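*Asks:* Just so it is clear, I am handing over protein.tsv, which has TSV, C-alpha atoms.
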```tsv
chain	number	residue	atom	x	y	z
A	1	MET	CA	74.14	247.47	58.86
A	2	MET	CA	71.67	247.24	61.70
A	3	MET	CA	69.74	244.48	59.94
A	4	GLY	CA	72.96	242.59	59.20
A	5	ASP	CA	74.10	242.84	62.81
A	6	SER	CA	70.69	241.65	63.99
A	7	ALA	CA	70.77	238.62	61.67
A	8	SER	CA	74.32	237.78	62.76
A	9	THR	CA	73.34	238.04	66.43
A	10	GLN	CA	70.32	235.82	65.86
A	11	LEU	CA	72.46	233.21	64.08
A	12	THR	CA	74.99	233.25	66.93
A	13	LEU	CA	72.23	232.77	69.52
A	14	SER	CA	70.76	229.94	67.47
A	15	ILE	CA	74.14	228.19	67.28
A	16	LEU	CA	74.67	228.63	71.03
A	17	GLN	CA	71.26	227.10	71.70
A	18	ILE	CA	72.08	224.11	69.50
A	19	ARG	CA	75.44	223.63	71.24
A	20	LEU	CA	73.84	223.86	74.68
A	21	LYS	CA	71.19	221.35	73.71
A	22	ASN	CA	73.82	218.95	72.36
A	23	TYR	CA	75.99	219.27	75.49
A	24	LEU	CA	72.99	218.63	77.76
A	25	CYS	CA	72.14	215.55	75.71
A	26	ILE	CA	75.69	214.21	76.07
A	27	VAL	CA	75.75	214.94	79.81
A	28	LYS	CA	72.42	213.10	80.28
A	29	ARG	CA	73.73	210.08	78.37
A	30	LEU	CA	76.95	210.03	80.37
A	31	ILE	CA	75.07	210.25	83.67
A	32	TYR	CA	72.78	207.40	82.62
A	33	LEU	CA	75.66	205.20	81.49
A	34	PHE	CA	77.78	205.92	84.57
A	35	LEU	CA	74.80	205.12	86.81
A	36	LEU	CA	74.23	201.90	84.91
A	37	PHE	CA	77.87	200.89	85.32
A	38	GLY	CA	77.80	202.11	88.91
A	39	PHE	CA	75.05	199.64	89.75
A	40	SER	CA	76.98	196.93	87.91
A	41	PHE	CA	80.12	197.76	89.91
A	42	GLN	CA	78.18	197.63	93.18
A	43	SER	CA	76.80	194.21	92.30
A	44	ILE	CA	80.24	192.92	91.33
A	45	ILE	CA	81.84	194.27	94.50
A	46	SER	CA	79.15	192.74	96.71
A	47	LYS	CA	79.69	189.35	95.07
A	48	ALA	CA	83.43	189.78	95.33
A	49	GLN	CA	83.27	190.06	99.13
A	50	THR	CA	83.51	186.26	99.20
A	51	TYR	CA	87.10	186.52	98.04
A	52	LYS	CA	89.70	186.67	100.79
A	53	SER	CA	91.86	189.33	99.16
A	54	HIS	CA	91.88	192.07	96.58
A	55	ASN	CA	94.59	194.03	94.85
A	56	TRP	CA	95.11	197.52	93.51
A	57	SER	CA	97.36	198.14	90.54
A	58	GLY	CA	98.54	200.99	88.37
A	59	ASN	CA	99.71	200.89	84.79
A	60	ILE	CA	101.32	203.05	82.16
A	61	TYR	CA	101.27	202.18	78.51
A	62	LEU	CA	102.47	203.02	75.07
A	63	GLY	CA	100.51	202.16	71.99
A	64	ALA	CA	99.48	202.92	68.44
A	65	SER	CA	96.09	204.26	67.32
A	66	ASN	CA	94.30	204.08	64.00
A	67	MET	CA	91.14	205.95	62.96
A	68	MET	CA	88.20	204.33	61.19
A	69	GLY	CA	86.67	207.38	59.50
A	70	ASP	CA	85.70	208.78	56.13
A	71	LEU	CA	89.20	209.77	55.01
A	72	GLY	CA	91.68	207.36	53.46
A	73	GLY	CA	91.46	203.74	54.47
A	74	SER	CA	89.70	201.16	52.34
A	75	ASN	CA	88.26	201.61	48.87
A	76	PHE	CA	84.88	202.63	50.25
A	77	ILE	CA	82.99	205.87	50.90
A	78	GLY	CA	82.87	206.07	54.70
A	79	SER	CA	84.15	203.75	57.41
A	80	ARG	CA	84.22	199.97	57.21
A	81	GLY	CA	85.61	199.30	60.64
A	82	LEU	CA	88.69	197.07	60.68
A	83	PHE	CA	88.69	197.03	56.86
A	84	ASP	CA	89.82	200.67	57.12
A	85	TRP	CA	93.11	199.73	58.79
A	86	ASP	CA	95.80	201.94	57.29
A	87	MET	CA	99.45	201.45	58.23
A	88	LYS	CA	100.34	204.95	57.01
A	89	ALA	CA	97.86	206.53	59.42
A	90	ILE	CA	99.16	204.88	62.62
A	91	GLN	CA	99.84	207.40	65.39
A	92	PRO	CA	101.37	207.02	68.89
A	93	ALA	CA	99.19	206.79	72.00
A	94	ILE	CA	100.11	207.11	75.68
A	95	GLY	CA	98.12	206.65	78.85
A	96	PHE	CA	97.83	205.38	82.39
A	97	GLY	CA	95.26	203.56	84.47
A	98	LEU	CA	94.25	202.32	87.93
A	99	GLY	CA	92.58	199.00	88.69
A	100	LEU	CA	90.88	197.16	91.57
A	101	HIS	CA	91.11	193.37	91.16
A	102	LEU	CA	88.54	191.05	92.76
A	103	GLY	CA	88.92	187.39	91.90
A	104	GLY	CA	88.19	186.98	88.20
A	105	VAL	CA	86.85	190.52	87.81
A	106	SER	CA	88.57	193.92	87.82
A	107	LEU	CA	87.24	197.48	87.90
A	108	ALA	CA	89.44	200.09	86.26
A	109	THR	CA	89.77	203.66	85.09
A	110	GLN	CA	92.10	204.89	82.38
A	111	LEU	CA	93.17	208.07	80.59
A	112	LEU	CA	94.36	207.97	76.98
A	113	VAL	CA	95.98	210.69	74.86
A	114	THR	CA	96.56	210.20	71.14
A	115	ARG	CA	96.43	211.82	67.72
A	116	LEU	CA	94.34	210.26	64.97
A	117	GLU	CA	95.10	210.73	61.30
A	118	GLY	CA	93.18	210.34	58.07
A	119	ASN	CA	94.34	211.17	54.56
A	120	ASP	CA	92.70	210.52	51.20
A	121	ALA	CA	96.19	210.23	49.69
A	122	PHE	CA	96.53	206.92	51.58
A	123	SER	CA	93.69	205.37	49.54
A	124	ALA	CA	93.70	204.11	45.96
A	125	GLN	CA	89.95	204.64	45.63
A	126	ASP	CA	89.09	207.24	42.97
A	127	PHE	CA	86.52	209.00	45.17
A	128	HIS	CA	89.09	209.51	47.94
A	129	THR	CA	91.89	210.58	45.61
A	130	ASP	CA	89.66	213.17	43.96
A	131	ARG	CA	88.28	214.49	47.28
A	132	ASN	CA	91.87	215.13	48.44
A	133	LEU	CA	91.14	215.82	52.13
A	134	SER	CA	93.37	215.15	55.13
A	135	VAL	CA	93.06	215.61	58.88
A	136	ARG	CA	94.85	215.08	62.17
A	137	THR	CA	92.72	214.90	65.30
A	138	ASP	CA	94.06	215.46	68.81
A	139	LEU	CA	92.07	213.27	71.21
A	140	VAL	CA	91.81	212.76	74.98
A	141	GLU	CA	89.79	209.82	76.35
A	142	ALA	CA	88.71	208.97	79.92
A	143	ASP	CA	87.03	205.62	80.72
A	144	VAL	CA	85.52	203.45	83.42
A	145	LEU	CA	85.99	199.74	82.64
A	146	ILE	CA	84.93	196.27	83.73
A	147	GLU	CA	87.55	193.60	83.04
A	148	TYR	CA	86.65	189.92	83.17
A	149	ARG	CA	88.93	186.90	83.13
A	150	PRO	CA	86.63	184.08	81.93
A	151	TRP	CA	89.20	181.36	82.64
A	152	SER	CA	90.60	182.77	85.89
A	153	ARG	CA	90.78	179.26	87.41
A	154	ASN	CA	92.58	177.68	84.46
A	155	GLU	CA	96.36	177.81	84.61
A	156	GLY	CA	97.81	179.39	81.50
A	157	PHE	CA	94.51	180.89	80.38
A	158	ASN	CA	93.96	182.82	83.62
A	159	ARG	CA	95.93	185.75	82.22
A	160	PHE	CA	93.58	186.29	79.29
A	161	TYR	CA	90.90	188.96	79.76
A	162	ILE	CA	88.12	190.79	77.96
A	163	TYR	CA	86.68	194.17	78.88
A	164	THR	CA	84.13	196.86	78.14
A	165	GLY	CA	83.03	200.12	79.70
A	166	VAL	CA	81.96	203.68	79.03
A	167	GLY	CA	83.84	206.93	78.68
A	168	ALA	CA	84.06	210.34	77.10
A	169	ILE	CA	86.37	211.87	74.51
A	170	TYR	CA	87.46	215.39	73.66
A	171	TYR	CA	88.59	215.70	70.04
A	172	GLN	CA	89.93	218.54	67.88
A	173	PRO	CA	90.21	217.91	64.09
A	174	LYS	CA	92.76	220.08	62.27
A	175	ALA	CA	93.94	220.47	58.67
A	176	GLU	CA	97.09	221.95	57.16
A	177	LEU	CA	97.13	224.71	54.56
A	178	ASP	CA	100.31	226.45	53.37
A	179	GLY	CA	102.25	225.25	56.41
A	180	ASP	CA	99.69	226.36	59.01
A	181	TRP	CA	97.25	224.15	60.94
A	182	TYR	CA	93.61	225.22	61.36
A	183	LYS	CA	90.92	223.96	63.74
A	184	LEU	CA	88.21	222.68	61.44
A	185	ARG	CA	85.32	222.72	63.87
A	186	THR	CA	85.43	226.51	64.14
A	187	LEU	CA	85.46	226.88	60.33
A	188	GLY	CA	82.28	224.95	59.56
A	189	THR	CA	83.56	223.17	56.44
A	190	GLU	CA	80.17	221.59	55.73
A	191	GLY	CA	78.23	224.83	56.17
A	192	GLN	CA	77.46	224.37	59.86
A	193	TYR	CA	77.59	228.14	60.50
A	194	LEU	CA	75.34	229.12	57.59
A	195	ALA	CA	71.79	230.35	58.16
A	196	ASN	CA	70.38	226.91	57.34
A	197	GLY	CA	73.31	225.03	58.91
A	198	SER	CA	73.17	222.54	61.74
A	199	GLY	CA	75.52	224.49	63.98
A	200	PRO	CA	79.00	223.30	65.03
A	201	TYR	CA	79.38	219.65	65.93
A	202	ASP	CA	80.25	218.73	69.51
A	203	GLU	CA	83.85	218.59	70.66
A	204	LEU	CA	82.81	216.02	73.28
A	205	SER	CA	81.36	212.57	72.63
A	206	ILE	CA	80.51	209.38	74.46
A	207	VAL	CA	82.75	206.41	73.69
A	208	VAL	CA	82.26	202.71	74.39
A	209	PRO	CA	85.63	200.94	74.76
A	210	TYR	CA	85.88	197.16	74.45
A	211	GLY	CA	88.65	194.72	73.76
A	212	LEU	CA	90.84	191.88	74.95
A	213	GLY	CA	94.36	191.25	76.16
A	214	TYR	CA	96.88	188.94	77.78
A	215	LYS	CA	99.15	189.44	80.80
A	216	PHE	CA	102.74	188.23	81.01
A	217	ARG	CA	104.20	188.04	84.50
A	218	LEU	CA	107.60	189.73	84.82
A	219	ALA	CA	108.12	189.65	88.59
A	220	LYS	CA	106.26	189.21	91.88
A	221	SER	CA	104.27	192.42	91.44
A	222	THR	CA	104.89	193.37	87.83
A	223	SER	CA	103.27	192.33	84.56
A	224	LEU	CA	103.56	193.23	80.90
A	225	ILE	CA	100.18	193.42	79.16
A	226	LEU	CA	99.38	193.20	75.45
A	227	ASP	CA	96.03	194.93	74.87
A	228	LEU	CA	93.89	195.42	71.74
A	229	GLY	CA	91.08	197.92	72.31
A	230	PHE	CA	88.29	199.14	70.06
A	231	ARG	CA	86.34	202.40	70.47
A	232	LYS	CA	82.73	202.85	69.42
A	233	THR	CA	81.91	206.58	69.20
A	234	PHE	CA	78.66	208.45	68.58
A	235	THR	CA	80.04	211.12	66.27
A	236	ASP	CA	80.84	211.19	62.56
A	237	TYR	CA	83.17	214.18	62.86
A	238	LEU	CA	86.41	212.76	64.23
A	239	ASP	CA	87.74	213.61	60.78
A	240	ASP	CA	85.49	216.65	60.14
A	241	VAL	CA	83.82	214.85	57.22
A	242	SER	CA	80.27	213.54	57.22
A	243	THR	CA	77.69	214.87	54.76
A	244	TYR	CA	77.73	217.10	51.65
A	245	TYR	CA	79.51	220.01	50.01
A	246	ALA	CA	78.02	223.36	51.00
A	247	ASP	CA	78.05	226.59	48.97
A	248	PRO	CA	81.72	227.73	49.02
A	249	GLU	CA	80.78	231.38	48.43
A	250	LEU	CA	78.49	231.40	51.47
A	251	ILE	CA	81.16	229.66	53.58
A	252	ALA	CA	83.73	232.26	52.50
A	253	ALA	CA	81.33	235.13	53.25
A	254	GLU	CA	80.45	233.74	56.68
A	255	GLN	CA	83.72	232.14	57.86
A	256	GLY	CA	86.44	233.42	55.51
A	257	ASP	CA	88.45	232.20	52.54
A	258	ILE	CA	90.44	229.68	54.59
A	259	ALA	CA	87.23	227.89	55.57
A	260	ALA	CA	86.13	227.72	51.92
A	261	GLN	CA	89.49	226.35	50.79
A	262	LEU	CA	89.55	223.63	53.46
A	263	ALA	CA	85.93	222.72	52.77
A	264	ASP	CA	86.63	221.76	49.16
A	265	ARG	CA	90.12	220.66	48.11
A	266	SER	CA	88.90	218.27	45.43
A	267	LEU	CA	90.74	217.87	42.16
A	268	THR	CA	87.54	218.26	40.12
A	269	ASP	CA	84.70	220.76	40.46
A	270	LYS	CA	82.01	219.83	43.00
A	271	ALA	CA	78.39	220.96	42.98
A	272	ILE	CA	76.52	222.05	46.09
A	273	GLY	CA	75.01	218.94	47.63
A	274	ASP	CA	77.53	216.47	46.20
A	275	GLU	CA	78.57	213.74	48.61
A	276	ARG	CA	81.51	214.69	50.81
A	277	GLY	CA	81.29	211.83	53.33
A	278	ASN	CA	79.02	209.04	54.55
A	279	ALA	CA	76.73	210.19	57.37
A	280	GLU	CA	75.23	206.71	57.80
A	281	LYS	CA	78.31	205.41	59.63
A	282	THR	CA	79.86	207.01	62.70
A	283	ASP	CA	83.63	207.17	63.13
A	284	SER	CA	85.61	204.86	65.40
A	285	TYR	CA	89.21	204.07	66.27
A	286	HIS	CA	91.26	201.40	67.96
A	287	VAL	CA	94.42	201.23	70.02
A	288	LEU	CA	97.02	198.46	70.24
A	289	SER	CA	99.10	198.97	73.37
A	290	VAL	CA	101.72	197.46	75.63
A	291	LYS	CA	101.14	198.18	79.33
A	292	LEU	CA	103.48	197.89	82.27
A	293	GLU	CA	101.42	197.05	85.35
A	294	TYR	CA	102.51	197.17	88.99
A	295	ILE	CA	100.49	195.58	91.80
A	296	PHE	CA	100.59	197.71	94.95
A	297	GLY	CA	101.45	196.00	98.23
A	298	GLY	CA	102.52	192.73	96.67
A	299	LYS	CA	102.86	190.01	99.30
A	300	SER	CA	105.45	187.30	99.51
A	301	GLY	CA	104.93	184.40	97.21
A	302	ASP	CA	102.71	184.87	94.20
A	303	GLY	CA	102.05	188.61	94.08
A	304	CYS	CA	100.16	188.68	90.77
A	305	TYR	CA	96.41	188.80	91.38
A	306	TYR	CA	95.56	186.69	88.33
A	307	ASN	CA	97.47	183.76	89.87
A	308	ARG	CA	95.63	184.01	93.21
A	309	ASN	CA	92.45	182.30	92.11
A	310	PRO	CA	93.47	178.62	92.31
A	311	PRO	CA	91.71	175.96	90.25
A	312	LYS	CA	88.89	174.16	92.00
A	313	SER	CA	89.80	170.72	93.29
A	314	ARG	CA	87.74	167.71	92.29
A	315	SER	CA	86.29	167.43	95.82
A	316	THR	CA	85.28	171.09	95.77
A	317	ARG	CA	83.44	170.65	92.47
A	318	ILE	CA	81.63	167.56	93.81
A	319	ASN	CA	80.56	169.41	96.98
A	320	GLN	CA	79.28	172.32	94.91
A	321	ARG	CA	77.21	169.97	92.78
A	322	ARG	CA	75.72	168.36	95.93
A	323	MET	CA	74.82	171.77	97.36
A	324	PHE	CA	73.15	172.69	94.06
A	325	MET	CA	71.19	169.40	93.99
A	326	LYS	CA	69.84	170.14	97.50
```
Show how you would write the structure in this file as structure tokens.
*Replies:*
Amino acid sequence: MMMGDSASTQLTLSILQIRLKNYLCIVKRLIYLFLLFGFSFQSIISKAQTYKSHNWSGNIYLGASNMMGDLGGSNFIGSRGLFDWDMKAIQPAIGFGLGLHLGGVSLATQLLVTRLEGNDAFSAQDFHTDRNLSVRTDLVEADVLIEYRPWSRNEGFNRFYIYTGVGAIYYQPKAELDGDWYKLRTLGTEGQYLANGSGPYDELSIVVPYGLGYKFRLAKSTSLILDLGFRKTFTDYLDDVSTYYADPELIAAEQGDIAAQLADRSLTDKAIGDERGNAEKTDSYHVLSVKLEYIFGGKSGDGCYYNRNPPKSRSTRINQRRMFMK
């Protein structure tokens, strides 16, 4: 018993060390990325001082999310990006944001809450059908964004924008068995908690949001926004599936029978080391949303910031060319 307790303690310490190392790595990456975007923001703000006015706005939005992971989707082992679009897996998303608008550029933050879904039953591919796995993943995302309106001086096109940024996500994959839902990360369905396992995967990950949208003016200080956003993540475990089948007997001995059952629900017998997912491609997701935006302190006249950057007159363009020639 003493030897068993010692081995168990050593395994626990090893897993804690791996988790701590992974968290430190994520924190370092986040700090680096936020500093990089911080310098970019400072440069943008300094250039934006030439503009006579700026606006703050807040928005709330409703949307629909779809996961690009290993489960369900296209007839392919692993994710194929937009080719993995699955109508049956669409889930609701809600969020809110705050923006600072400076001419043709905006700086923004946003918080998103959604639930992602993946299910092999949604695919007609034999590999997926036989694997027979499903997941729902609760996810919270926080971002810092740079929004750019490339045609801010062109009437009609000035409401179109593109954006990118950096953020972090917290995600919790779960699976259902006999009417109960179980957190998969704590079960180690790919043998993460075994003596030769990699340790539990992180519940936090960096995310790179990017996308495009269009703004429809409703009133002096109100707009309706149609936004399509993509999310590049750095984890392959949004759906708890990535590598190979581990020894079910060892999983049951270490984590219990529930863990072993959720690790392998295939319709045919699987050998240890058979492919369970595709570790070469990380998971991603995207969100299509409709936002209601309100500009704070809207002035009389045209209160929408995207209409406050008038087109350059012909004389202004000529003078700018002369200044450049000098």
*Asks:* Go through stretch 197-276 of chain A and flag each residue having an atom no more than 8 Å from stretch 180-186 of chain A; for those, report the closest pair of atoms plus their distance in Å to one decimal, using all atoms listed in the file, ordered by chain and rising number, as CSV.
*Replies:*
```
residue,atom,partner,partner_atom,distance
A:Pro200,CA,A:Arg185,CA,6.5
A:Tyr201,CA,A:Arg185,CA,7.0
A:Asp240,CA,A:Leu184,CA,6.7
A:Ala259,CA,A:Leu184,CA,7.9
```
*Asks:* For A:Ile162, please output as a PDB file with C-alpha atoms, in the frame of the given file all residues within 7 Å (counting only C-alpha atoms; exclusion window: fewer than 3 positions along the same chain).
*Replies:*
```pdb
ATOM      1  CA  GLU A 147      87.550 193.600  83.040  1.00  0.00           C
ATOM      2  CA  TYR A 148      86.650 189.920  83.170  1.00  0.00           C
ATOM      3  CA  ARG A 149      88.930 186.900  83.130  1.00  0.00           C
ATOM      4  CA  GLY A 211      88.650 194.720  73.760  1.00  0.00           C
ATOM      5  CA  LEU A 212      90.840 191.880  74.950  1.00  0.00           C
ATOM      6  CA  GLY A 213      94.360 191.250  76.160  1.00  0.00           C
TER       7      GLY A 213
END
```
*Asks:* Using all atoms listed in the file, which residues sit within 10 Å of A:Ile251 once same-chain residues fewer than 6 positions away are excluded, as a list in words?
*Replies:*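 In the requested format, the answer is Leu187, Gly188, Thr189, Glu190, Gly191, Gln192, Tyr193, Leu194, Asp257, Ile258, Ala259, Ala260, Gln261 and Ala263 of chain A.
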*Asks:* Need the shell around A:Thr233: protein/DNA/RNA residues with any atom at most 10 Å away, counting only C-alpha atoms. Skip same-chain ones fewer than 2 positions apart. Format as a PyMOL selection string?
*Replies:* chain A and resi 167-169+205-209+230-231+235-238+282-285
*Asks:* Which residue is closest to A:Ala253? Choose from A:Ala195, A:Ala121, A:Ile295, A:Ala142 and count all atoms listed in the file.
*Replies:* A:Ala195
*Asks:* What is the atom CA of A:Phe122-atom CA of A:Gly277 distance in Å, reported with one decimal?
*Replies:*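 Going from atom CA of A:Phe122 over to atom CA of A:Gly277, I get 16.1 Å.
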